[in-house]
>>> print(open('target_34.txt').read())   # compact mmCIF, C-alpha atoms
# COMPACT_ATOMS: atom_id res chain seq x y z
CA MET A 85 -0.42 31.86 15.20
CA LYS A 86 -1.57 28.59 16.76
CA GLN A 87 -5.05 29.95 17.46
CA PHE A 88 -5.26 31.24 13.89
CA LEU A 89 -4.17 27.84 12.50
CA CYS A 90 -6.69 26.01 14.65
CA ILE A 91 -9.53 28.15 13.32
CA LEU A 92 -8.36 27.61 9.75
CA LEU A 93 -8.05 23.83 10.08
CA LEU A 94 -11.41 23.40 11.78
CA ALA A 95 -13.19 25.61 9.27
CA LEU A 96 -11.60 24.02 6.20
CA PRO A 97 -14.63 21.91 5.17
CA LEU A 98 -16.85 25.02 5.18
CA TRP A 99 -14.38 27.03 3.11
CA LEU A 100 -14.06 24.19 0.63
CA LYS A 101 -17.81 23.91 0.31
CA ASP A 102 -18.48 27.63 -0.02
CA CYS A 103 -15.46 28.77 -2.00
CA PHE A 104 -14.38 26.03 -4.39
CA GLY A 105 -16.10 26.55 -7.74
CA PRO A 106 -15.53 24.94 -11.13
CA ASP A 107 -12.01 26.42 -11.16
CA PRO A 108 -9.96 24.58 -8.48
CA ASN A 109 -7.64 27.57 -8.17
CA GLN A 110 -10.43 29.85 -6.97
CA GLY A 111 -11.36 30.18 -3.34
CA ARG A 112 -8.09 28.84 -1.95
CA GLN A 113 -7.47 30.09 1.58
CA PRO A 114 -4.07 31.80 1.99
CA VAL A 115 -2.24 31.18 5.26
CA VAL A 116 1.06 33.03 4.94
CA GLU A 117 2.89 35.08 2.32
CA THR A 118 6.55 35.95 1.89
CA GLU A 119 8.76 36.99 -1.00
CA GLY A 120 5.68 37.25 -3.20
CA LYS A 121 4.87 33.57 -2.65
CA ILE A 122 1.70 32.36 -0.93
CA LEU A 123 1.19 29.19 1.08
CA TYR A 124 -2.41 27.96 0.97
CA LEU A 125 -4.34 26.05 3.56
CA ASP A 126 -5.02 23.05 1.32
CA GLU A 127 -1.27 22.60 0.79
CA ILE A 128 -0.85 22.23 4.54
CA THR A 129 -3.81 19.97 5.24
CA SER A 130 -2.84 17.61 2.40
CA THR A 131 0.30 16.69 4.36
CA ILE A 132 -1.57 15.79 7.55
CA PRO A 133 -2.71 12.12 7.70
CA GLN A 134 -6.38 11.44 8.32
CA GLY A 135 -7.18 10.59 11.90
CA THR A 136 -4.42 12.79 13.32
CA SER A 137 -5.48 14.40 16.60
CA PRO A 138 -6.13 18.17 16.65
CA ALA A 139 -3.07 18.75 18.85
CA ASP A 140 -0.76 16.77 16.56
CA SER A 141 -2.34 18.40 13.50
CA MET A 142 -1.46 21.82 14.89
CA LYS A 143 2.14 20.80 15.51
CA MET A 144 2.51 19.34 12.02
CA ALA A 145 0.91 22.41 10.43
CA GLU A 146 3.12 24.82 12.34
CA ARG A 147 6.25 22.83 11.44
CA TYR A 148 5.25 22.78 7.77
CA ILE A 149 4.64 26.54 7.74
CA ASN A 150 7.97 27.32 9.41
CA ASN A 151 9.87 25.08 6.99
CA TRP A 152 8.06 26.61 4.02
CA ILE A 153 8.91 30.16 5.16
CA LYS A 154 12.59 29.35 5.68
CA GLU A 155 12.93 27.50 2.37
CA THR A 156 11.15 30.26 0.44
CA ILE A 157 13.23 33.05 1.95
CA VAL A 158 16.54 31.22 1.49
CA TYR A 159 15.70 30.28 -2.10
CA GLU A 160 14.70 33.82 -3.08
CA GLU A 161 17.80 35.28 -1.41
CA ALA A 162 20.00 32.76 -3.19
CA SER A 163 18.31 33.53 -6.49
CA ARG A 164 18.96 37.25 -6.07
CA ASN A 165 22.62 36.85 -5.17
CA LEU A 166 23.58 33.88 -7.31
CA LYS A 167 23.41 34.54 -11.01
CA GLU A 168 22.09 31.59 -12.95
CA SER A 169 25.13 30.41 -14.83
CA GLU A 170 25.19 28.26 -17.91
CA GLU A 171 26.47 25.43 -15.73
CA ILE A 172 23.42 25.61 -13.45
CA ARG A 173 21.03 25.75 -16.41
CA THR A 174 22.77 22.71 -17.90
CA MET A 175 22.53 20.81 -14.62
CA VAL A 176 18.84 21.68 -14.21
CA GLU A 177 18.02 20.61 -17.76
CA ALA A 178 20.01 17.39 -17.38
CA TYR A 179 18.16 16.58 -14.15
CA ARG A 180 14.83 17.35 -15.81
CA HIS A 181 15.65 15.00 -18.69
CA SER A 182 16.73 12.24 -16.31
CA LEU A 183 13.62 12.63 -14.17
CA ILE A 184 11.23 12.52 -17.14
CA ILE A 185 13.00 9.50 -18.65
CA TYR A 186 12.97 7.70 -15.30
CA GLU A 187 9.27 8.32 -14.70
CA TYR A 188 8.40 7.21 -18.22
CA GLN A 189 10.47 4.05 -17.88
CA GLN A 190 8.85 3.19 -14.56
CA GLN A 191 5.34 3.62 -15.95
CA ALA A 192 6.15 1.60 -19.07
CA LEU A 193 7.90 -1.02 -16.96
CA THR A 194 5.02 -1.45 -14.53
CA LYS A 195 2.41 -1.69 -17.29
CA LYS A 196 4.43 -4.02 -19.50
CA MET A 197 5.78 -6.35 -16.84
CA GLU A 198 2.39 -6.82 -15.19
CA GLN A 199 1.12 -8.01 -18.55
CA THR A 200 4.24 -10.05 -19.32
CA VAL A 201 4.48 -12.11 -16.11
CA THR A 202 1.77 -14.75 -16.35
CA ASP A 203 0.35 -17.17 -13.81
CA GLU A 204 2.17 -19.91 -15.71
CA ASP A 205 5.48 -18.09 -15.22
CA ILE A 206 4.80 -17.82 -11.51
CA ALA A 207 3.81 -21.49 -11.22
CA ARG A 208 6.93 -22.60 -13.12
CA TYR A 209 9.21 -20.47 -10.96
CA TYR A 210 7.52 -21.79 -7.81
CA GLU A 211 7.98 -25.42 -8.87
CA GLN A 212 11.65 -24.84 -9.60
CA ASN A 213 12.33 -22.88 -6.41
CA ALA A 214 9.89 -24.19 -3.83
CA GLN A 215 12.65 -24.67 -1.26
CA ARG A 216 13.32 -20.93 -1.38
CA PHE A 217 9.87 -20.31 0.06
CA LEU A 218 9.83 -22.31 3.27
CA SER A 219 7.33 -20.91 5.72
CA SER A 220 8.73 -19.43 8.91
CA GLN A 221 5.30 -19.60 10.57
CA ASN A 222 2.40 -22.01 10.90
CA LEU A 223 -0.38 -21.22 8.43
CA VAL A 224 -4.09 -22.03 8.60
CA LYS A 225 -7.34 -21.82 6.67
CA GLY A 226 -10.67 -21.66 8.46
CA ILE A 227 -12.97 -19.24 10.27
CA PHE A 228 -12.81 -17.22 13.47
CA ILE A 229 -15.84 -15.84 15.33
CA LYS A 230 -16.12 -13.68 18.43
CA VAL A 231 -19.59 -13.24 19.92
CA PRO A 232 -20.98 -12.17 23.31
CA ARG A 233 -21.00 -15.21 25.61
CA ASN A 234 -24.73 -14.79 26.25
CA ALA A 235 -25.62 -14.45 22.55
CA ALA A 236 -28.75 -16.31 21.44
CA GLN A 237 -28.28 -19.66 19.65
CA LEU A 238 -24.62 -19.89 20.61
CA ASP A 239 -24.79 -23.67 20.82
CA GLN A 240 -26.33 -23.79 17.34
CA LEU A 241 -23.55 -21.51 16.05
CA LYS A 242 -20.97 -23.97 17.37
CA LYS A 243 -22.72 -26.84 15.56
CA TRP A 244 -22.63 -24.89 12.30
CA GLY A 245 -18.98 -24.08 12.88
CA ARG A 246 -18.06 -27.73 13.39
CA LYS A 247 -19.98 -28.74 10.28
CA ARG A 248 -19.03 -25.93 7.87
CA ASP A 249 -20.83 -27.28 4.81
CA ALA A 250 -22.47 -24.86 2.34
CA GLN A 251 -25.74 -24.62 4.28
CA ALA A 252 -23.99 -24.24 7.63
CA MET A 253 -21.79 -21.46 6.22
CA GLU A 254 -24.87 -19.57 5.04
CA HIS A 255 -26.28 -19.75 8.57
CA ILE A 256 -22.95 -18.60 10.02
CA GLU A 257 -22.75 -15.63 7.65
CA THR A 258 -26.28 -14.52 8.54
CA TYR A 259 -25.77 -15.05 12.26
CA CYS A 260 -22.45 -13.16 12.38
CA MET A 261 -23.85 -10.19 10.47
CA GLN A 262 -26.39 -9.76 13.26
CA ARG A 263 -24.57 -10.76 16.42
CA ALA A 264 -20.80 -11.21 16.00
CA GLN A 265 -18.27 -8.82 17.51
CA ALA A 266 -15.75 -10.15 14.98
CA TYR A 267 -15.97 -12.60 12.10
CA GLU A 268 -13.15 -13.66 9.78
CA ASN A 269 -13.62 -16.15 6.96
CA PHE A 270 -10.24 -17.23 5.62
CA ARG A 271 -11.23 -20.61 4.18
CA GLU A 272 -9.90 -19.58 0.76
CA GLU A 273 -6.66 -17.95 1.86
CA TRP A 274 -3.79 -18.75 4.20
CA VAL A 275 -3.18 -16.67 7.31
CA THR A 276 -0.68 -17.16 10.11
CA LEU A 277 -1.85 -19.04 13.17
CA ASP A 278 -0.44 -16.22 15.31
CA ASP A 279 -2.83 -13.72 13.70
CA VAL A 280 -5.79 -15.77 14.91
CA ILE A 281 -4.52 -16.96 18.29
CA ASP A 282 -3.57 -13.41 19.26
CA GLN A 283 -7.29 -12.61 19.31
CA ILE A 284 -8.16 -15.46 21.64
CA PRO A 285 -7.52 -15.57 25.42
CA TYR A 286 -5.83 -18.95 25.13
CA GLU A 287 -2.15 -19.87 25.27
CA VAL A 288 -0.84 -22.30 22.65
CA LYS A 289 2.56 -23.45 23.88
CA ASP A 290 3.28 -25.87 21.02
CA GLN A 291 1.58 -24.76 17.81
CA ALA A 292 2.58 -27.83 15.80
CA LYS A 293 1.16 -30.15 18.45
CA PHE A 294 -1.98 -28.04 18.70
CA LEU A 295 -2.62 -28.16 14.93
CA LYS A 296 -2.04 -31.89 14.69
CA ALA A 297 -4.29 -32.65 17.66
CA GLN A 298 -7.40 -30.57 16.98
CA SER A 299 -9.30 -28.76 14.26
CA GLN A 300 -11.26 -26.42 16.49
CA LEU A 301 -10.92 -24.19 19.51
CA GLU A 302 -13.89 -22.92 21.54
CA VAL A 303 -12.98 -20.62 24.42
CA THR A 304 -15.12 -18.42 26.68
CA ASP A 305 -14.16 -15.62 29.06
CA ASP A 306 -16.31 -13.30 31.15
CA ASN A 307 -17.62 -11.41 28.13
CA TYR A 308 -17.17 -13.33 24.90
CA ALA A 309 -17.10 -16.71 23.23
CA TYR A 310 -14.20 -17.27 20.78
CA LEU A 311 -14.74 -19.90 18.09
CA PHE A 312 -11.88 -20.98 15.83
CA TYR A 313 -12.44 -23.75 13.27
CA ILE A 314 -9.54 -25.00 11.14
CA ASP A 315 -9.99 -26.43 7.63
CA GLN A 316 -6.32 -26.85 6.73
CA TYR A 317 -2.95 -26.16 8.26
CA LEU A 318 0.63 -25.94 7.08
CA LEU A 319 3.48 -26.30 9.53
CA ALA A 320 6.47 -23.98 9.66
CA GLY A 321 9.34 -25.32 7.58
CA SER A 322 7.07 -26.51 4.77
CA PRO A 323 7.03 -24.78 1.37
CA GLU A 324 4.60 -21.88 1.50
CA PRO A 325 1.52 -22.30 -0.75
CA ILE A 326 1.87 -20.68 -4.15
CA GLU A 327 -1.06 -18.34 -3.51
CA PHE A 328 0.73 -17.13 -0.38
CA VAL A 329 3.93 -16.20 -2.28
CA SER A 330 2.66 -15.41 -5.80
CA LYS A 331 3.02 -11.65 -5.31
CA ARG A 332 6.60 -12.09 -4.12
CA ILE A 333 7.42 -14.30 -7.10
CA ARG A 334 5.87 -11.82 -9.50
CA ASN A 335 8.13 -9.08 -8.11
CA ILE A 336 11.17 -11.35 -8.41
CA LEU A 337 10.40 -12.08 -12.07
CA ILE A 338 9.74 -8.42 -12.81
CA ASN A 339 12.97 -7.27 -11.16
CA SER A 340 15.04 -9.89 -12.97
CA SER A 341 13.71 -8.65 -16.32
CA LYS A 342 13.90 -4.91 -15.70
CA THR A 343 17.30 -4.25 -17.30
CA GLU A 344 16.57 -6.36 -20.33
CA PHE A 345 13.15 -4.80 -20.79
CA LEU A 346 14.36 -1.20 -20.47
CA HIS A 347 17.19 -1.84 -22.94
CA GLN A 348 14.73 -3.36 -25.41
CA LEU A 349 12.33 -0.45 -24.87
CA GLU A 350 15.02 2.04 -25.81
CA GLU A 351 16.06 0.01 -28.86
CA ASP A 352 12.46 -0.24 -30.05
CA MET A 353 11.91 3.50 -29.68
CA VAL A 354 15.08 4.31 -31.64
CA ARG A 355 14.16 1.84 -34.39
CA GLU A 356 10.66 3.30 -34.65
CA ALA A 357 12.09 6.82 -34.89
CA GLN A 358 14.41 5.67 -37.67
CA GLU A 359 11.55 4.05 -39.58
CA LYS A 360 9.57 7.29 -39.37
CA GLY A 361 12.52 9.31 -40.61
CA GLN A 362 12.78 11.22 -37.35
CA ILE A 363 16.53 10.77 -37.06
CA ILE A 364 18.66 12.81 -39.44
CA TYR A 365 22.41 12.25 -39.79
CA TYR A 366 24.49 15.05 -41.26
CA ASP A 367 27.68 14.58 -43.26
CA ILE A 368 30.66 15.97 -41.49
CA PRO A 369 33.36 17.33 -43.81
CA GLN A 370 36.58 15.44 -43.39
CA THR A 371 39.64 17.47 -42.54
CA GLU A 372 42.96 16.64 -44.05
>>> encode(input="target_34.txt", output="structure tokens")
Amino acid sequence: MKQFLCILLLALPLWLKDCFGPDPNQGRQPVVETEGKILYLDEITSTIPQGTSPADSMKMAERYINNWIKETIVYEEASRNLKESEEIRTMVEAYRHSLIIYEYQQQALTKKMEQTVTDEDIARYYEQNAQRFLSSQNLVKGIFIKVPRNAAQLDQLKKWGRKRDAQAMEHIETYCMQRAQAYENFREEWVTLDDVIDQIPYEVKDQAKFLKAQSQLEVTDDNYAYLFYIDQYLLAGSPEPIEFVSKRIRNILINSSKTEFLHQLEEDMVREAQEKGQIIYYDIPQTE
């Protein structure tokens, strides 16, 4: 079966190209059939992450097929021997109702709350709770460049990096597009110092002392030059910048309003149904 699976997986792009017409259900490649049910190749490949090695892909495909066969056989056998009682039908319908309601609420919640939580709300919450957002790491803004150590105009690149005005940044952008092994411009956003230093063959024993003492780091090894220029820094223990935590605050505000919003959503839907005459109450005869 492994050899058969390998051929199927490798040939999938050709099958898709030759077989898939306007109707997406046509041209699907069957892999295995049992109990009148068919497992198709595209169902298997959709579960395998891109970039997975051929060997791992084969293992994942084989595991998926085996699980599908067992589940299909057990389900069909259970269906034949277990009569569908009223209790089961009631449970299935109740679950279906709950699932549909939940999915609808989540979609409505996401759409509504994203519109409801404003930048002003986030700023106000941040001002009132800044001490809740103390940074656990040192943060920086600046640029990082990695170029071959023998790259042309390296000294000029360093001068531009130290200057970093508008004209110098244009030169840096152009230069790095042509020669840089890596180039990161984070002058408009905060990143952790660790994320940058980890790319440089240089040990920073005391990050706070390093940041206070210098605004640049130029290091060279046998192959590359590493240029790190710092515009701003924020030491660990300081309140994190609002742009660094705005997404977190938005989620906090959304979560705190979920229950209230969902309750109001239900009330609004019932009121609208009443206004449209979609709810009918029947008189119940009173018994003596």
>>> atom_distance(input="target_34.txt", atom1="atom CA of A:Lys230", atom2="atom CA of A:Cys260")
8.8 Å
>>> residues_near_point(input="target_34.txt", point="(-21.6, -17.3, 9.0)", cutoff="9 Å", atoms="all atoms listed in the file", output="VMD selection string")
chain A and resid 227 229 241 244 to 245 252 to 261 267 269
>>> axis_aligned_box(input="target_34.txt", around="stretch 342-358 of chain A", padding_each_side="6 Å", output="lines of an AutoDock Vina configuration file")
center_x = 14.0
center_y = 0.2
center_z = -26.7
size_x = 18.6
size_y = 25.2
size_z = 34.0
>>> closest_residue(input="target_34.txt", among="A:Ala145, A:Ile185, A:Arg164, A:Arg271", to="A:Asp249", atoms="only C-alpha atoms")
A:Arg271
>>> closest_residue(input="target_34.txt", among="A:Lys360, A:Arg233, A:Lys289, A:Lys143", to="A:Tyr308", atoms="all atoms listed in the file")
A:Arg233
>>> closest_residue(input="target_34.txt", among="A:Glu127, A:Gln113, A:Leu193, A:Tyr186", to="A:Asn335", atoms="all atoms listed in the file")
A:Leu193
>>> build_atoms(input="target_34.txt", residues="stretch 330-343 of chain A", atoms="N, CA and C atoms", output="mmCIF file, keeping the file's coordinate frame")
data_model
loop_
_atom_site.group_PDB
_atom_site.id
_atom_site.type_symbol
_atom_site.label_atom_id
_atom_site.label_comp_id
_atom_site.auth_asym_id
_atom_site.auth_seq_id
_atom_site.Cartn_x
_atom_site.Cartn_y
_atom_site.Cartn_z
ATOM 1 N N SER A 330 2.728 -15.779 -4.386
ATOM 2 C CA SER A 330 2.660 -15.410 -5.800
ATOM 3 C C SER A 330 3.065 -13.961 -6.037
ATOM 4 N N LYS A 331 2.655 -13.063 -5.139
ATOM 5 C CA LYS A 331 3.020 -11.650 -5.310
ATOM 6 C C LYS A 331 4.527 -11.473 -5.209
ATOM 7 N N ARG A 332 5.145 -12.167 -4.269
ATOM 8 C CA ARG A 332 6.600 -12.090 -4.120
ATOM 9 C C ARG A 332 7.300 -12.609 -5.368
ATOM 10 N N ILE A 333 6.803 -13.720 -5.905
ATOM 11 C CA ILE A 333 7.420 -14.300 -7.100
ATOM 12 C C ILE A 333 7.253 -13.362 -8.291
ATOM 13 N N ARG A 334 6.085 -12.762 -8.402
ATOM 14 C CA ARG A 334 5.870 -11.820 -9.500
ATOM 15 C C ARG A 334 6.893 -10.686 -9.452
ATOM 16 N N ASN A 335 7.144 -10.154 -8.252
ATOM 17 C CA ASN A 335 8.130 -9.080 -8.110
ATOM 18 C C ASN A 335 9.536 -9.556 -8.453
ATOM 19 N N ILE A 336 9.852 -10.791 -8.084
ATOM 20 C CA ILE A 336 11.170 -11.350 -8.410
ATOM 21 C C ILE A 336 11.340 -11.427 -9.924
ATOM 22 N N LEU A 337 10.328 -11.936 -10.617
ATOM 23 C CA LEU A 337 10.400 -12.080 -12.070
ATOM 24 C C LEU A 337 10.467 -10.715 -12.754
ATOM 25 N N ILE A 338 9.705 -9.759 -12.226
ATOM 26 C CA ILE A 338 9.740 -8.420 -12.810
ATOM 27 C C ILE A 338 11.118 -7.786 -12.629
ATOM 28 N N ASN A 339 11.664 -7.890 -11.428
ATOM 29 C CA ASN A 339 12.970 -7.270 -11.160
ATOM 30 C C ASN A 339 14.073 -7.906 -11.992
ATOM 31 N N SER A 340 13.994 -9.211 -12.195
ATOM 32 C CA SER A 340 15.040 -9.890 -12.970
ATOM 33 C C SER A 340 14.993 -9.518 -14.440
ATOM 34 N N SER A 341 13.858 -8.995 -14.908
ATOM 35 C CA SER A 341 13.710 -8.650 -16.320
ATOM 36 C C SER A 341 13.776 -7.151 -16.586
ATOM 37 N N LYS A 342 13.948 -6.365 -15.539
ATOM 38 C CA LYS A 342 13.900 -4.910 -15.700
ATOM 39 C C LYS A 342 14.950 -4.407 -16.684
ATOM 40 N N THR A 343 16.211 -4.770 -16.460
ATOM 41 C CA THR A 343 17.300 -4.250 -17.300
ATOM 42 C C THR A 343 17.102 -4.631 -18.744
#
